[in-house]
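Peer 1: If you scroll down you'll find the structure; I have some questions about it.
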Amino acid sequence: MKKIGVALLGLGTVGGGTYRILKNNHDSIMKNDGIDIEIRHIIERDKEKAVALGADLSIVSTDINDVVNDKDTHIVAEFFGGIEPAKSFLTKCLLAGKSIVTANKEMFSKSWVELEAAAKKGHAGLYFEASCVGGVPIIRTLTESMQGNVIQSLMGIVNGTTNFILSKMADEGKEYGDVLKEAQRLGYAEANPTADVDGFDSMYKLSILSSLAFRKKVPISQIHREGISGVDKADIEYGKQLGYTLKLLAIAKNRDGKIEARVHPAFVPSDHPIAGVKGSFNAVHIVGDNVGDIMLYGRGAGDLPTGSAIVSDIVFAACQSKPKYAPFKNVDNVSTKDFTDNYLCRYYLRMTVADQSGVMAKITSAFGKNNISIASMKQMPSAGENATLIFLLHQTYEKDLNRALEALKKLDCVNSVNAVIRVEE
Ligand code: NDP
Ligand code: HSE
């Protein structure tokens with residue numbers, strides 16, 4: 001029987017879930033995988049958390065050297081969150097030859113290159129299944145199961161908090177602020193939920209996922225990011241009437257040899273499988289040139305789902321005879337020529353205009369002059385002297401759209417462009 005010593009850094013939501021799984025599933029892992037996992041250290045400043053889990057307090061400390069200097073600790077799993085001290089602690093462990101497992105996508109996406117260098121020096125492994133899409137086994141799908149394909153696109157809901165918020169707003173008419181509080185109470189949200197609602201968390205995850213999908217580093221600097229804090233309930237409702245559901249999507253495409261990577265709210269047809277992904281569930285849709293479409297679905301956040309991914313990494317790490325690193329040249333200084341920000345998409349636009357004759361002609365002319373073709377237009381019942389217009393546009397390049405928006409804003413008859421939302425089919 002292989003004996004593996006582990007250290008857990010942090011006993012919050014993910015650390016607590018991991019602790020419980022390692023205890024509850026200890027015997028099944030031993031029986032199924034031939035590994036006897038012993039929790040040898042817990043680094044946590046709040047001892048009450050250890051007491052609540054029934055952990056042995058003699059293994060709880062705040063000193064990483066307890067872990068680094070213990071030759072019987074082989075794997076270190078981190079769930080502190082934030083950059084420091086997580087990064088320094090993990091670097092120390094890697095240099096000491098201990099493999100690391102992390103759920104910390106912010107730190108990992110920003111420090112992958114440096115951590116990999118330390119891991120190579122220490123002949124240790126780096127595992128990060130839990131960093132993306134919670135309990136859904138997306139990392140190993142991309143690294144171990146898709147080699148027979150050139151991946152063309154990856155699109156998904158990769159943040160549980162925002163999906164929980166948008167689902168509750170759309171299905172139950174709840175208010176944004178109330179649902180965000182509920183997501184925090186349930187342990188889905190980041191310590192600073194701005195990371196969720198402003199799209200940072202999805203951007204970190206998309207950087208990791210698209211790098212693995214395209215076998216080319218996609219740094220966060222090359223990812224367009226928008227969040228959901230500016231979403232108006234009216235657009236969720238109008239979208240519904242048009243047969244669309246609003247989601248925060250992470251999208252990466254290889255279009256004619258250039259990568260486009262973006263995170264933003266988008267409408268998807270309400271009968272698209274992604275539209276049916278509700279609450280804290282996540283899903284990622286991948287298109288490979290040979291396999292075609294694949295969709296992975298499951299809980300994207302929470303203690304036990306994320307703990308499940310952490311424990312699978314611990315067992316996987318324990319079974320490797322030689323660590324494997326990123327399957328691409330892992331550098332931060334990429335050539336911008338490999339990326340494009342002239343995205344090609346459909347759009348939903350909502351604007352308030354003067355309810356007068358001739359308005360439509362001026363608007364359609366602004367679209368036409370910028371190579372934009374209108375798929376449909378709806379005028380909502382008038383309120384006073386203004387009218388609300390909703391346009392759905394055919395596929396258009398981002399740069400053409402931006403030029404058209406500038407032209408629209410200059411028209412006297414256009415009071416405001418209230419919403420510009422991409423539509424993914
Ligand atoms: P929590 O805030 O619940 O837990 C973090 C724990 O680490 C807290 O108990 C904190 O203690 C402790 N801690 C942080 N820094 C130190 C330190 N220097 N020394 C000792 N203890 C420390 O966060 P989560 O478990 O929710 O998230 C952890 C990581 O996992 C993040 O990177 C997050 O992005 C990621 N993640 C989270 C998921 C989720 O569903 N929550 C899912 C997937 C990934 P204290 O409370 O005293 O600060
Ligand atoms: N805050 C993250 C989310 C946790 O809501 O998806 C899981 O990574």
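By convention in this document, the chains of the structure tokens carry letters A, B, ... by their order, each chain's residues are numbered from 1, and ligands are numbered from 1 in the order they are shown.
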Give the helix (DSSP H, G or I) residues of stretch 109-214 of chain A, as DSSP finds them on the backbone, and put them as a PDB file with C-alpha atoms, in the first residue's frame.

Peer 2:
```
ATOM      1  CA  SER A 109      -3.392  31.890 -13.973  1.00  0.00           C
ATOM      2  CA  LYS A 110      -1.098  34.778 -13.030  1.00  0.00           C
ATOM      3  CA  SER A 111       1.829  32.655 -11.779  1.00  0.00           C
ATOM      4  CA  TRP A 112       1.694  29.456 -13.849  1.00  0.00           C
ATOM      5  CA  VAL A 113       5.032  30.198 -15.549  1.00  0.00           C
ATOM      6  CA  GLU A 114       6.905  30.810 -12.291  1.00  0.00           C
ATOM      7  CA  LEU A 115       5.273  27.870 -10.498  1.00  0.00           C
ATOM      8  CA  GLU A 116       6.139  25.570 -13.387  1.00  0.00           C
ATOM      9  CA  ALA A 117       9.778  26.701 -13.261  1.00  0.00           C
ATOM     10  CA  ALA A 118       9.883  25.948  -9.510  1.00  0.00           C
ATOM     11  CA  ALA A 119       8.185  22.584 -10.071  1.00  0.00           C
ATOM     12  CA  LYS A 120      10.761  21.610 -12.708  1.00  0.00           C
ATOM     13  CA  LYS A 121      13.581  22.592 -10.365  1.00  0.00           C
ATOM     14  CA  GLY A 122      12.112  20.526  -7.545  1.00  0.00           C
ATOM     15  CA  GLU A 129      -8.287  20.506 -11.739  1.00  0.00           C
ATOM     16  CA  ALA A 130     -10.214  22.395  -9.030  1.00  0.00           C
ATOM     17  CA  SER A 131      -9.162  25.791 -10.360  1.00  0.00           C
ATOM     18  CA  ILE A 138     -12.439  19.698 -17.460  1.00  0.00           C
ATOM     19  CA  ILE A 139      -8.662  19.985 -17.033  1.00  0.00           C
ATOM     20  CA  ARG A 140      -7.953  16.305 -17.479  1.00  0.00           C
ATOM     21  CA  THR A 141     -10.455  16.128 -20.339  1.00  0.00           C
ATOM     22  CA  LEU A 142      -8.412  18.786 -22.141  1.00  0.00           C
ATOM     23  CA  THR A 143      -4.985  17.398 -21.242  1.00  0.00           C
ATOM     24  CA  GLU A 144      -5.559  13.641 -21.383  1.00  0.00           C
ATOM     25  CA  GLY A 160     -21.193  29.484 -10.320  1.00  0.00           C
ATOM     26  CA  THR A 161     -21.962  32.744  -8.516  1.00  0.00           C
ATOM     27  CA  THR A 162     -22.973  34.721 -11.602  1.00  0.00           C
ATOM     28  CA  ASN A 163     -24.938  31.827 -13.039  1.00  0.00           C
ATOM     29  CA  PHE A 164     -26.773  31.513  -9.729  1.00  0.00           C
ATOM     30  CA  ILE A 165     -27.542  35.258  -9.789  1.00  0.00           C
ATOM     31  CA  LEU A 166     -28.703  35.370 -13.435  1.00  0.00           C
ATOM     32  CA  SER A 167     -30.839  32.225 -13.024  1.00  0.00           C
ATOM     33  CA  LYS A 168     -32.600  33.585  -9.940  1.00  0.00           C
ATOM     34  CA  MET A 169     -33.166  36.990 -11.595  1.00  0.00           C
ATOM     35  CA  ALA A 170     -34.602  35.386 -14.756  1.00  0.00           C
ATOM     36  CA  ASP A 171     -36.639  32.572 -13.221  1.00  0.00           C
ATOM     37  CA  GLU A 172     -37.768  34.046  -9.904  1.00  0.00           C
ATOM     38  CA  TYR A 176     -29.367  41.239  -8.030  1.00  0.00           C
ATOM     39  CA  GLY A 177     -28.129  42.321  -4.575  1.00  0.00           C
ATOM     40  CA  ASP A 178     -30.301  39.797  -2.696  1.00  0.00           C
ATOM     41  CA  VAL A 179     -29.152  36.871  -4.819  1.00  0.00           C
ATOM     42  CA  LEU A 180     -25.500  37.870  -4.544  1.00  0.00           C
ATOM     43  CA  LYS A 181     -25.851  37.732  -0.739  1.00  0.00           C
ATOM     44  CA  GLU A 182     -27.389  34.248  -1.044  1.00  0.00           C
ATOM     45  CA  ALA A 183     -24.461  33.080  -3.225  1.00  0.00           C
ATOM     46  CA  GLN A 184     -22.031  34.390  -0.600  1.00  0.00           C
ATOM     47  CA  ARG A 185     -23.891  32.574   2.179  1.00  0.00           C
ATOM     48  CA  THR A 194     -16.255  41.641  -7.460  1.00  0.00           C
ATOM     49  CA  ALA A 195     -14.042  38.886  -8.855  1.00  0.00           C
ATOM     50  CA  ASP A 196     -17.204  36.952  -9.758  1.00  0.00           C
ATOM     51  CA  VAL A 197     -19.620  39.670 -10.853  1.00  0.00           C
ATOM     52  CA  PHE A 200     -12.366  38.358 -13.345  1.00  0.00           C
ATOM     53  CA  ASP A 201     -12.896  34.814 -12.054  1.00  0.00           C
ATOM     54  CA  SER A 202     -14.196  33.666 -15.456  1.00  0.00           C
ATOM     55  CA  MET A 203     -11.252  35.395 -17.135  1.00  0.00           C
ATOM     56  CA  TYR A 204      -8.698  33.546 -14.954  1.00  0.00           C
ATOM     57  CA  LYS A 205     -10.420  30.261 -15.740  1.00  0.00           C
ATOM     58  CA  LEU A 206     -10.659  31.013 -19.459  1.00  0.00           C
ATOM     59  CA  SER A 207      -6.933  31.771 -19.542  1.00  0.00           C
ATOM     60  CA  ILE A 208      -6.162  28.316 -18.105  1.00  0.00           C
ATOM     61  CA  LEU A 209      -8.766  26.440 -20.174  1.00  0.00           C
ATOM     62  CA  SER A 210      -8.058  28.071 -23.523  1.00  0.00           C
ATOM     63  CA  SER A 211      -4.290  27.639 -23.105  1.00  0.00           C
ATOM     64  CA  LEU A 212      -4.864  23.911 -22.639  1.00  0.00           C
ATOM     65  CA  ALA A 213      -7.437  23.734 -25.437  1.00  0.00           C
ATOM     66  CA  PHE A 214      -5.306  25.507 -28.062  1.00  0.00           C
TER      67      PHE A 214
END
```

Peer 1: Within 8 Å of ligand 1, which residues show up when you count only C-alpha atoms and all ligand atoms? List them as a PyMOL selection string, please.

Peer 2: chain A and resi 9-16+43-46+49+61-62+78-82+84-86+102-107+130-134+160+187-191+201+300-303+305-306

Peer 1: Determine the nearest neighbour of A:Gly307 from the options A:Phe89, A:Asn333, A:Val101, A:Asp256, counting only C-alpha atoms.

Peer 2: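 That would be A:Val101, the residue with the smallest distance to A:Gly307.
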
Peer 1: To one decimal place, how far is atom CA of A:Ser229 from atom CA of A:Val263 in Å?

Peer 2: 13.3 Å

Peer 1: Please determine, counting only C-alpha atoms, which residue among A:Ala55, A:Ala7, A:Ile64, A:Ile223 has the shortest atom-to-atom distance to A:Lys23.

Peer 2: A:Ala55

Peer 1: Excluding A:Val150 and its own-chain neighbours fewer than 2 positions away, which residues fall within 9 Å of it when counting only C-alpha atoms? Please give them as a count of residues only.

Peer 2: 10

Peer 1: Could you name the residues that touch A:Ala354 at 12 Å or less, counting only C-alpha atoms, but leaving out those on the same chain fewer than 5 positions away, as a VMD selection string?

Peer 2: chain A and resid 359 to 360 362 to 363 379 382 to 389 411 to 416

Peer 1: With only C-alpha atoms as the atoms that count, which of A:Ser58, A:Leu304, A:Lys247, A:Ala96 lies nearest to A:Leu186?

Peer 2: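 Distance minimum relative to A:Leu186 lands on A:Leu304.
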
Peer 1: As a ChimeraX atom specification, which residues of stretch 82-315 of chain A does DSSP assign to strand (DSSP E or B)?

Peer 2: /A:99-102,126-127,151-157,224-225,244-255,258-269,281-288,292-299

Peer 1: Identify which of the residues A:Tyr244, A:Tyr238, A:Phe367, A:Phe281 lies closest to ligand 2, counting only C-alpha atoms and all ligand atoms when measuring atom-to-atom distances.

Peer 2: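 Distance minimum relative to ligand 2 lands on A:Phe281.
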
Peer 1: Which distance in Å separates atom CA of A:Tyr397 and atom CA of A:Met377, to one decimal?

Peer 2: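 Computed distance, atom CA of A:Tyr397 to atom CA of A:Met377, equals 19.3 Å.
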